[in-house]
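Next up, work15.cif (mmCIF, C-alpha atoms):
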```
data_work
loop_
_atom_site.label_atom_id
_atom_site.label_comp_id
_atom_site.auth_asym_id
_atom_site.auth_seq_id
_atom_site.Cartn_x
_atom_site.Cartn_y
_atom_site.Cartn_z
CA MET A 2 -34.81 36.64 8.73
CA ARG A 3 -31.58 38.56 9.35
CA SER A 4 -30.82 36.33 12.30
CA PHE A 5 -31.44 33.23 10.20
CA ILE A 6 -29.19 34.46 7.39
CA ALA A 7 -26.46 35.41 9.89
CA THR A 8 -26.66 31.92 11.41
CA ILE A 9 -26.36 30.25 8.00
CA ILE A 10 -23.39 32.45 7.08
CA SER A 11 -21.71 31.68 10.41
CA ILE A 12 -22.16 27.95 9.86
CA ILE A 13 -20.71 28.21 6.34
CA VAL A 14 -17.73 30.20 7.62
CA ILE A 15 -17.05 27.67 10.40
CA ILE A 16 -17.31 24.71 8.04
CA THR A 17 -15.06 26.42 5.49
CA ALA A 18 -12.50 27.32 8.18
CA ILE A 19 -12.41 23.73 9.45
CA SER A 20 -12.14 22.39 5.91
CA VAL A 21 -9.27 24.71 5.00
CA SER A 22 -7.41 24.08 8.25
CA ASP A 23 -7.95 20.33 7.83
CA THR A 24 -6.40 20.52 4.36
CA ILE A 25 -3.38 22.42 5.68
CA LEU A 26 -2.89 20.56 8.96
CA LYS A 27 -3.44 17.02 7.70
CA GLU A 28 -0.21 15.05 7.78
CA ARG A 29 1.03 14.04 4.34
CA SER A 30 3.26 11.15 5.29
CA GLU A 31 4.25 8.98 2.32
CA ALA A 32 4.02 5.98 4.65
CA GLY A 33 0.30 5.68 3.92
CA ILE A 34 -1.51 8.96 4.55
CA ILE A 35 -0.93 10.56 1.18
CA GLN A 36 -1.54 7.19 -0.49
CA GLY A 37 -4.98 7.21 1.14
CA SER A 38 -5.78 10.85 0.40
CA ALA A 39 -4.72 10.78 -3.25
CA LEU A 40 -6.92 7.79 -4.02
CA TYR A 41 -10.01 10.01 -3.93
CA HIS A 42 -8.50 12.27 -6.62
CA GLN A 43 -8.07 9.47 -9.16
CA PRO A 44 -10.37 9.55 -12.20
CA GLU A 45 -13.12 7.00 -11.75
CA ASP A 46 -12.51 3.51 -13.14
CA THR A 47 -8.99 4.22 -14.41
CA ILE A 48 -6.99 1.87 -12.16
CA ASP A 49 -6.76 -1.74 -13.31
CA VAL A 50 -4.45 -3.04 -10.57
CA ALA A 51 -4.65 -2.21 -6.86
CA MET A 52 -1.48 -2.83 -4.86
CA ILE A 53 -2.49 -3.48 -1.25
CA GLY A 54 -0.33 -4.01 1.82
CA SER A 55 2.59 -2.71 3.84
CA SER A 56 5.21 -0.02 3.17
CA HIS A 57 7.09 -2.57 1.06
CA VAL A 58 4.36 -1.94 -1.53
CA HIS A 59 4.74 1.82 -1.94
CA CYS A 60 8.54 1.53 -1.72
CA GLY A 61 8.86 -1.58 -3.87
CA ILE A 62 6.21 -1.42 -6.62
CA ASN A 63 7.06 1.28 -9.14
CA THR A 64 3.73 2.32 -10.66
CA ALA A 65 5.49 4.70 -13.08
CA CYS A 66 7.50 1.78 -14.44
CA LEU A 67 4.37 -0.36 -14.81
CA PHE A 68 2.74 2.29 -16.96
CA ASN A 69 5.82 3.42 -18.86
CA ASP A 70 6.93 -0.12 -19.77
CA TYR A 71 3.65 -2.06 -19.94
CA GLY A 72 0.79 0.46 -20.07
CA ILE A 73 -0.63 -1.05 -16.86
CA THR A 74 -2.51 1.43 -14.67
CA ALA A 75 -1.79 0.60 -11.04
CA TYR A 76 -2.00 2.32 -7.66
CA ASP A 77 -0.08 1.59 -4.44
CA TYR A 78 -2.81 1.75 -1.78
CA SER A 79 -0.67 0.77 1.18
CA SER A 80 0.43 1.84 4.64
CA ALA A 81 3.21 0.99 7.09
CA GLU A 82 2.86 -2.50 8.62
CA GLN A 83 -0.67 -2.86 7.28
CA PRO A 84 -2.30 -6.04 8.69
CA LEU A 85 -4.72 -8.12 6.63
CA TRP A 86 -7.76 -6.85 8.51
CA CYS A 87 -6.92 -3.33 7.35
CA SER A 88 -6.10 -4.62 3.86
CA TYR A 89 -9.61 -6.07 3.69
CA TYR A 90 -11.24 -2.70 4.37
CA TYR A 91 -8.74 -0.95 2.11
CA ILE A 92 -9.84 -3.21 -0.74
CA LYS A 93 -13.50 -2.38 -0.08
CA GLU A 94 -12.67 1.35 0.00
CA PHE A 95 -10.73 1.07 -3.23
CA CYS A 96 -13.64 -0.56 -5.00
CA LYS A 97 -16.00 2.33 -4.24
CA ASN A 98 -14.72 4.43 -7.15
CA GLN A 99 -12.49 2.01 -9.03
CA ASN A 100 -13.10 -1.29 -10.76
CA PRO A 101 -9.78 -3.13 -10.39
CA LYS A 102 -9.27 -6.25 -12.47
CA VAL A 103 -6.41 -7.50 -10.29
CA ILE A 104 -5.46 -6.96 -6.66
CA VAL A 105 -1.83 -7.55 -5.73
CA LEU A 106 -1.78 -8.37 -2.02
CA ASP A 107 1.43 -8.10 -0.01
CA PHE A 108 1.81 -10.76 2.71
CA PHE A 109 4.66 -9.15 4.66
CA THR A 110 2.83 -8.08 7.84
CA PRO A 111 0.92 -11.32 8.53
CA ALA A 112 4.11 -13.31 7.87
CA ILE A 113 6.38 -11.39 10.21
CA TYR A 114 4.01 -10.23 12.97
CA GLN A 115 1.41 -11.88 15.14
CA ASP A 116 -1.61 -10.10 16.65
CA ASP A 117 0.14 -9.05 19.84
CA TYR A 118 3.30 -7.52 18.41
CA GLU A 119 4.64 -4.56 20.35
CA ASP A 120 3.98 -1.70 17.90
CA LYS A 121 0.67 -2.93 16.45
CA TYR A 122 -0.93 0.50 16.98
CA TYR A 123 2.18 2.56 16.23
CA PHE A 124 1.48 3.03 12.52
CA MET A 125 -2.27 3.51 12.77
CA ASP A 126 -1.87 7.20 11.83
CA ASP A 127 -0.54 6.13 8.44
CA THR A 128 -3.35 3.63 7.96
CA LEU A 129 -6.27 5.78 9.11
CA TYR A 130 -5.65 9.47 8.41
CA GLY A 131 -5.77 9.21 4.63
CA MET A 132 -9.14 7.44 4.50
CA LYS A 133 -12.35 9.44 4.33
CA PHE A 134 -14.99 9.03 7.01
CA SER A 135 -17.46 6.25 6.22
CA MET A 136 -19.02 3.19 7.80
CA ASN A 137 -16.26 1.20 6.13
CA LYS A 138 -13.64 3.25 7.97
CA LEU A 139 -15.47 2.94 11.30
CA ARG A 140 -15.61 -0.84 10.92
CA MET A 141 -11.90 -0.95 10.09
CA MET A 142 -11.07 1.23 13.11
CA ASN A 143 -13.06 -1.01 15.42
CA VAL A 144 -11.27 -4.12 14.18
CA ALA A 145 -7.80 -2.54 13.97
CA LEU A 146 -7.99 -0.91 17.42
CA ASP A 147 -9.65 -3.92 19.05
CA GLY A 148 -12.68 -1.83 20.03
CA ASN A 149 -10.58 0.29 22.41
CA LEU A 150 -12.59 3.51 22.79
CA GLU A 151 -9.61 5.48 24.10
CA LEU A 152 -7.67 4.71 20.93
CA ILE A 153 -10.68 5.30 18.69
CA ASP A 154 -11.10 8.78 20.18
CA LYS A 155 -7.65 9.65 18.83
CA TYR A 156 -8.72 8.97 15.25
CA PHE A 157 -12.39 9.94 15.22
CA PRO A 158 -12.98 12.54 14.04
CA ALA A 159 -9.58 12.42 12.35
CA TYR A 160 -9.21 16.21 12.52
CA PHE A 161 -8.80 16.07 16.30
CA GLY A 162 -5.80 13.81 15.89
CA TYR A 163 -3.70 16.40 14.08
CA HIS A 164 -5.44 19.75 14.72
CA ASP A 165 -2.61 20.94 17.01
CA ARG A 166 0.16 20.79 14.38
CA TYR A 167 0.27 24.59 14.00
CA SER A 168 3.75 24.91 15.51
CA GLN A 169 5.15 22.38 13.02
CA LEU A 170 3.82 24.07 9.88
CA LYS A 171 6.16 25.58 7.31
CA ALA A 172 5.41 27.73 4.28
CA GLU A 173 5.98 24.79 1.94
CA ASP A 174 3.37 22.77 3.85
CA VAL A 175 0.70 25.33 3.05
CA LYS A 176 1.83 25.54 -0.58
CA GLU A 177 1.89 21.77 -0.99
CA ALA A 178 -1.57 21.39 0.53
CA PHE A 179 -3.14 23.31 -2.36
CA GLU A 180 -0.69 22.79 -5.24
CA PHE A 181 0.22 19.10 -5.01
CA ASP A 182 -0.99 17.14 -8.05
CA TYR A 183 -2.84 14.38 -6.22
CA GLU A 184 -4.26 12.99 -9.45
CA ALA A 185 -0.75 12.31 -10.78
CA PHE A 186 0.34 10.63 -7.55
CA LYS A 187 -0.16 6.86 -7.73
CA GLY A 188 1.12 5.87 -4.29
CA TYR A 189 4.70 5.00 -5.23
CA SER A 190 7.28 6.53 -2.89
CA PRO A 191 10.81 5.86 -4.23
CA ARG A 192 13.76 5.62 -1.86
CA PHE A 193 17.23 6.88 -2.70
CA HIS A 194 19.62 5.28 -0.23
CA ASN A 195 21.80 2.19 -0.27
CA GLN A 196 22.18 -0.55 2.31
CA SER A 197 23.41 -4.13 2.09
CA PHE A 198 21.98 -7.28 3.68
CA GLN A 199 22.78 -10.95 3.79
CA SER A 200 21.01 -13.05 1.21
CA PRO A 201 17.67 -14.63 2.19
CA VAL A 202 17.60 -17.84 4.20
CA LEU A 203 14.61 -20.18 3.86
CA ARG A 204 13.57 -23.34 5.68
CA LEU A 205 11.35 -24.99 3.10
CA ASP A 206 10.64 -28.16 5.10
CA GLU A 207 8.64 -26.45 7.87
CA VAL A 208 5.20 -24.81 7.90
CA LYS A 209 3.61 -22.45 10.39
CA ALA A 210 0.26 -20.69 10.01
CA PRO A 211 -0.20 -16.95 10.58
CA SER A 212 -2.46 -15.82 13.41
CA ASP A 213 -6.10 -16.89 13.42
CA LYS A 214 -7.13 -13.28 12.80
CA SER A 215 -4.83 -13.03 9.77
CA VAL A 216 -6.23 -16.28 8.34
CA GLU A 217 -9.78 -15.04 8.96
CA TYR A 218 -9.19 -11.84 7.01
CA LEU A 219 -7.23 -13.57 4.27
CA ASN A 220 -10.32 -15.70 3.72
CA LYS A 221 -12.53 -12.59 3.76
CA ILE A 222 -10.32 -11.02 1.08
CA ILE A 223 -10.47 -14.20 -1.00
CA GLU A 224 -14.25 -14.32 -0.69
CA TYR A 225 -14.70 -10.62 -1.45
CA THR A 226 -12.45 -10.62 -4.52
CA GLY A 227 -14.05 -13.80 -5.80
CA GLY A 228 -17.50 -12.27 -5.44
CA LYS A 229 -16.37 -9.19 -7.36
CA GLY A 230 -14.70 -11.16 -10.13
CA ILE A 231 -11.28 -9.73 -9.19
CA GLN A 232 -8.09 -11.73 -9.65
CA LEU A 233 -6.07 -11.96 -6.41
CA TYR A 234 -2.29 -12.07 -6.85
CA ILE A 235 -0.59 -12.63 -3.47
CA THR A 236 3.09 -11.87 -3.22
CA SER A 237 5.92 -10.63 -1.03
CA ILE A 238 8.01 -7.76 -2.31
CA PRO A 239 11.68 -8.83 -1.91
CA TYR A 240 13.23 -7.88 1.42
CA ALA A 241 15.94 -9.28 3.68
CA ILE A 242 13.92 -12.23 4.96
CA ASN A 243 15.60 -13.58 8.11
CA ASP A 244 18.67 -11.56 7.10
CA GLY A 245 20.81 -14.65 7.14
CA ASN A 246 20.37 -15.16 10.88
CA GLU A 247 20.78 -18.62 12.38
CA VAL A 248 18.09 -17.82 14.95
CA MET A 249 15.02 -16.76 12.97
CA GLU A 250 12.70 -15.48 15.64
CA ASN A 251 9.95 -14.12 13.39
CA GLU A 252 9.63 -17.38 11.41
CA GLU A 253 8.20 -15.53 8.40
CA ASP A 254 9.65 -18.11 6.01
CA LEU A 255 7.49 -20.77 7.67
CA ARG A 256 4.40 -18.64 7.11
CA TYR A 257 5.25 -18.14 3.45
CA ASN A 258 5.56 -21.93 3.24
CA TRP A 259 2.10 -22.19 4.80
CA LEU A 260 0.68 -19.67 2.33
CA GLU A 261 2.06 -21.56 -0.66
CA LYS A 262 0.47 -24.78 0.60
CA TYR A 263 -2.81 -23.01 1.45
CA VAL A 264 -3.18 -21.43 -1.99
CA LEU A 265 -2.45 -24.75 -3.71
CA GLU A 266 -5.18 -26.37 -1.61
CA LEU A 267 -7.62 -23.60 -2.58
CA GLN A 268 -6.79 -24.04 -6.25
CA ALA A 269 -7.34 -27.79 -5.95
CA LYS A 270 -10.81 -27.00 -4.60
CA GLY A 271 -11.60 -24.86 -7.62
CA VAL A 272 -10.80 -21.40 -6.21
CA SER A 273 -9.17 -20.31 -9.44
CA HIS A 274 -8.89 -16.55 -8.93
CA VAL A 275 -6.14 -16.79 -6.28
CA TYR A 276 -2.46 -16.98 -7.21
CA TYR A 277 0.65 -16.87 -5.02
CA ASP A 278 4.14 -15.92 -6.16
CA TYR A 279 6.69 -17.16 -3.62
CA THR A 280 9.28 -14.56 -4.60
CA PHE A 281 12.01 -15.74 -2.23
CA LYS A 282 12.24 -19.09 -4.01
CA HIS A 283 13.33 -17.55 -7.33
CA PRO A 284 15.39 -14.38 -6.60
CA GLU A 285 17.31 -14.87 -9.85
CA ASP A 286 14.21 -13.69 -11.76
CA PHE A 287 14.56 -10.21 -10.28
CA GLY A 288 18.33 -9.89 -10.05
CA ILE A 289 18.00 -8.15 -6.70
CA ASP A 290 21.42 -7.44 -5.18
CA TYR A 291 21.30 -8.09 -1.43
CA GLU A 292 24.92 -8.05 -0.41
CA GLY A 293 26.18 -5.45 -2.88
CA GLY A 294 23.91 -2.79 -1.39
CA SER A 295 22.63 -1.39 -4.68
CA ASP A 296 18.94 -2.30 -4.35
CA PHE A 297 17.90 -1.68 -0.73
CA SER A 298 17.44 1.59 1.09
CA ASP A 299 17.20 1.24 4.88
CA GLY A 300 17.23 -0.93 7.97
CA SER A 301 13.74 -2.23 7.19
CA SER A 302 15.12 -3.56 3.89
CA HIS A 303 12.72 -1.60 1.70
CA LEU A 304 13.75 -1.66 -1.93
CA ASN A 305 15.26 1.57 -3.22
CA TYR A 306 14.42 3.00 -6.65
CA TYR A 307 16.73 0.62 -8.50
CA GLY A 308 15.50 -2.41 -6.58
CA SER A 309 11.85 -1.44 -6.99
CA THR A 310 12.33 -1.05 -10.74
CA LYS A 311 13.91 -4.50 -11.00
CA TYR A 312 11.07 -6.12 -9.09
CA THR A 313 8.39 -4.13 -10.91
CA LYS A 314 9.65 -5.17 -14.33
CA PHE A 315 9.27 -8.80 -13.26
CA LEU A 316 5.83 -8.08 -11.79
CA GLY A 317 4.66 -6.37 -14.99
CA GLN A 318 5.78 -9.33 -17.06
CA ASP A 319 4.10 -11.77 -14.68
CA LEU A 320 0.81 -9.85 -14.69
CA ARG A 321 0.90 -9.85 -18.48
CA ARG A 322 1.67 -13.60 -18.51
CA LEU A 323 -1.17 -14.48 -16.16
CA TYR A 324 -3.90 -12.07 -17.23
CA GLY A 325 -3.02 -10.82 -20.71
CA GLU A 326 -3.95 -7.55 -22.38
CA GLU A 327 -7.60 -8.55 -22.51
CA LEU A 328 -7.85 -8.09 -18.74
CA LEU A 329 -5.05 -5.52 -18.39
CA PRO A 330 -5.02 -3.44 -21.59
CA ASP A 331 -2.18 -1.15 -22.58
CA HIS A 332 -3.43 2.38 -21.80
CA ARG A 333 -0.41 4.28 -23.12
CA GLY A 334 -1.45 7.02 -25.52
CA ASP A 335 -5.05 7.13 -24.24
CA GLU A 336 -5.98 10.67 -23.15
CA ARG A 337 -8.24 9.31 -20.42
CA TYR A 338 -5.10 8.10 -18.64
CA ALA A 339 -3.12 11.32 -19.01
CA SER A 340 -2.58 11.47 -15.24
CA TYR A 341 -0.30 8.45 -15.63
CA ASP A 342 1.83 10.33 -18.14
CA ARG A 343 2.18 13.09 -15.54
CA HIS A 344 2.98 10.45 -12.92
CA VAL A 345 5.86 9.10 -15.01
CA LEU A 346 7.27 12.63 -15.39
CA PHE A 347 6.81 13.25 -11.65
CA VAL A 348 8.79 10.13 -10.68
CA LYS A 349 11.41 10.77 -13.37
CA LYS A 350 12.03 14.23 -11.94
CA GLN A 351 12.43 12.76 -8.44
CA VAL A 352 15.00 10.30 -9.76
CA GLU A 353 16.96 12.90 -11.67
CA ASP A 354 16.87 15.38 -8.77
CA GLU A 355 18.54 12.72 -6.62
CA GLY A 356 21.23 12.22 -9.22
CA TRP A 357 20.15 8.64 -9.92
CA GLU A 358 19.77 7.01 -13.33
CA TRP A 359 16.24 6.77 -14.75
CA ARG A 360 15.39 3.15 -15.50
#
```
How would this structure read if it were set down as structure tokens?
Amino acid sequence: MRSFIATIISIIVIITAISVSDTILKERSEAGIIQGSALYHQPEDTIDVAMIGSSHVHCGINTACLFNDYGITAYDYSSAEQPLWCSYYYIKEFCKNQNPKVIVLDFFTPAIYQDDYEDKYYFMDDTLYGMKFSMNKLRMMNVALDGNLELIDKYFPAYFGYHDRYSQLKAEDVKEAFEFDYEAFKGYSPRFHNQSFQSPVLRLDEVKAPSDKSVEYLNKIIEYTGGKGIQLYITSIPYAINDGNEVMENEEDLRYNWLEKYVLELQAKGVSHVYYDYTFKHPEDFGIDYEGGSDFSDGSSHLNYYGSTKYTKFLGQDLRRLYGEELLPDHRGDERYASYDRHVLFVKKQVEDEGWEWR
């Protein structure tokens, strides 16, 4: 009996030690990892809009603004250069504990990259480390890593991917691991730098489809959301598309043209839950300043705080226009959504600490 009890205690101690070290050692990158981790801390069925896609989502969609100005409860569930096949599994993961009425899907990655782009595995840490282990995650890993067992070994179990970070730890890392208010974090990661770009250049008379794999998973997302009764709002957060170049190697404008045509064809066939906002065709609605440098933050042309607030105010109005308060009620003042009040204060403090104006 003593031996049995000692064994049980040893197992508990080992599990506890691994759990604590996992909490401390886990990377908390705001390029996707913390967005994934914090999702599991959200009160069940409190998020009406899921924002899915690349880093342009968590830099460009200001969830604090959406709640503060419109009472819309949203969450940026995104990761750097997230392809549509990962977006599909992200949506399924999101729906485990939330019942979103609308999914806003960013089309940046499938527009600008094809399946064989050079750094397709480079940002997998940001996509995978925040998600809990499940069959859904295993399926996503297999698709995202093309079944490559050597790559899968790096991420499964996830703990072995970052267990050797001891030398990088600082006192604030340990403090943050246990004191960070994950419930009040809604995925938004504001940027506080300025960079200018040339205004967007579009070729509206040409069309080019994304990769076959991207089209396959776009259709899976459309089918899944339709089956769940979820409205699918596809968009592209403003960025420096083509950057004014005469030689436009990525041809993303042609793929946005294809998407517009594709969605119109779906709607003509009666697929009524899918909507596409071709943002680059009406930049005046956002008032984004490309060349003045006030609204972008870095070489990847992510929106900064001011730019994200401009775009988000348009997005909030458009969501209200399309879906109304019946589908997206105003939750301001409801105690059940108190974490969003804390989220607004959290983002406001970030803005003020940077010396920027709260908008």
| query | On this structure, which residues satisfy the PyMOL selection byres ((chain A and resi 110-127) around 7), written as a ChimeraX atom specification? | reply | /A:32-34,55,80-85,108-109,128-130,211-212,215,251-253,256-257
| remark: The residue from A:Gly300, A:Pro201, A:Pro101, A:Gly54 with the smallest atom-to-atom distance to A:His283, counting all atoms listed in the file, is A:Pro201
| field | Residues near stretch 329-332 of chain A, cut-off 7 Å, all atoms listed in the file, skip fewer than 4 positions along chain, as a ChimeraX atom specification | value | /A:49,71-73,324-325,338
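Proximity ranking of A:Gly37, A:Gly356, A:Gly294, A:Gly308 relative to A:Phe134 places A:Gly37 first, based on all atoms listed in the file.
The residue that comes closest to A:Ile231, out of A:Leu40, A:Val348, A:Met132, A:Leu106 and on the basis of all atoms listed in the file, is A:Leu106.
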| request: Would you kindly return, as an MDAnalysis selection string, each protein, DNA or RNA residue with an atom no farther than 10 Å from any atom of A:Ser301, considering all atoms listed in the file and excluding same-chain residues fewer than 5 positions away? | output: chainID A and resid 56:57 196 240:241
Taking the file as shown, find all residues satisfying the PyMOL selection byres ((chain A and resi 344) around 10) and write them as a PDB file with C-alpha atoms, in the frame of the given file.
```pdb
ATOM      1  CA  THR A  64       3.730   2.320 -10.660  1.00  0.00           C
ATOM      2  CA  ALA A  65       5.490   4.700 -13.080  1.00  0.00           C
ATOM      3  CA  CYS A  66       7.500   1.780 -14.440  1.00  0.00           C
ATOM      4  CA  PHE A  68       2.740   2.290 -16.960  1.00  0.00           C
ATOM      5  CA  ASN A  69       5.820   3.420 -18.860  1.00  0.00           C
ATOM      6  CA  ASP A 182      -0.990  17.140  -8.050  1.00  0.00           C
ATOM      7  CA  TYR A 183      -2.840  14.380  -6.220  1.00  0.00           C
ATOM      8  CA  GLU A 184      -4.260  12.990  -9.450  1.00  0.00           C
ATOM      9  CA  ALA A 185      -0.750  12.310 -10.780  1.00  0.00           C
ATOM     10  CA  PHE A 186       0.340  10.630  -7.550  1.00  0.00           C
ATOM     11  CA  LYS A 187      -0.160   6.860  -7.730  1.00  0.00           C
ATOM     12  CA  GLY A 188       1.120   5.870  -4.290  1.00  0.00           C
ATOM     13  CA  TYR A 189       4.700   5.000  -5.230  1.00  0.00           C
ATOM     14  CA  ALA A 339      -3.120  11.320 -19.010  1.00  0.00           C
ATOM     15  CA  SER A 340      -2.580  11.470 -15.240  1.00  0.00           C
ATOM     16  CA  TYR A 341      -0.300   8.450 -15.630  1.00  0.00           C
ATOM     17  CA  ASP A 342       1.830  10.330 -18.140  1.00  0.00           C
ATOM     18  CA  ARG A 343       2.180  13.090 -15.540  1.00  0.00           C
ATOM     19  CA  VAL A 345       5.860   9.100 -15.010  1.00  0.00           C
ATOM     20  CA  LEU A 346       7.270  12.630 -15.390  1.00  0.00           C
ATOM     21  CA  PHE A 347       6.810  13.250 -11.650  1.00  0.00           C
ATOM     22  CA  VAL A 348       8.790  10.130 -10.680  1.00  0.00           C
ATOM     23  CA  LYS A 349      11.410  10.770 -13.370  1.00  0.00           C
ATOM     24  CA  LYS A 350      12.030  14.230 -11.940  1.00  0.00           C
TER      25      LYS A 350
END
```
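Closest to A:Ala145 among A:Gln99, A:Thr313, A:Gln199, A:Ser88 is A:Ser88, based on all atoms listed in the file.
Nearest to A:Ala75 of all the residues A:His303, A:Lys229, A:Lys102, A:Lys93 is A:Lys102, based on all atoms listed in the file.
Considering only C-alpha atoms, the residue among A:Met52, A:Leu255, A:Ile35, A:Val144 positioned nearest to A:Lys214 is A:Val144.
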| request: Go through the shown structure with the PyMOL selection byres ((chain A and resi 315) around 12) and write out the matching residues as a PyMOL selection string. | output: chain A and resi 61-63+66-67+70-71+238-239+278+280+283-289+308-314+316-322
Residue list as an mmCIF file with C-alpha atoms, in the coordinates of the input for point (27.0, -11.0, -2.7), cut-off 10 Å, only C-alpha atoms:
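Resulting contents of out.cif:
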```
data_model
loop_
_atom_site.group_PDB
_atom_site.id
_atom_site.type_symbol
_atom_site.label_atom_id
_atom_site.label_comp_id
_atom_site.auth_asym_id
_atom_site.auth_seq_id
_atom_site.Cartn_x
_atom_site.Cartn_y
_atom_site.Cartn_z
ATOM 1 C CA SER A 197 23.410 -4.130 2.090
ATOM 2 C CA PHE A 198 21.980 -7.280 3.680
ATOM 3 C CA GLN A 199 22.780 -10.950 3.790
ATOM 4 C CA SER A 200 21.010 -13.050 1.210
ATOM 5 C CA ASP A 290 21.420 -7.440 -5.180
ATOM 6 C CA TYR A 291 21.300 -8.090 -1.430
ATOM 7 C CA GLU A 292 24.920 -8.050 -0.410
ATOM 8 C CA GLY A 293 26.180 -5.450 -2.880
ATOM 9 C CA GLY A 294 23.910 -2.790 -1.390
#
```
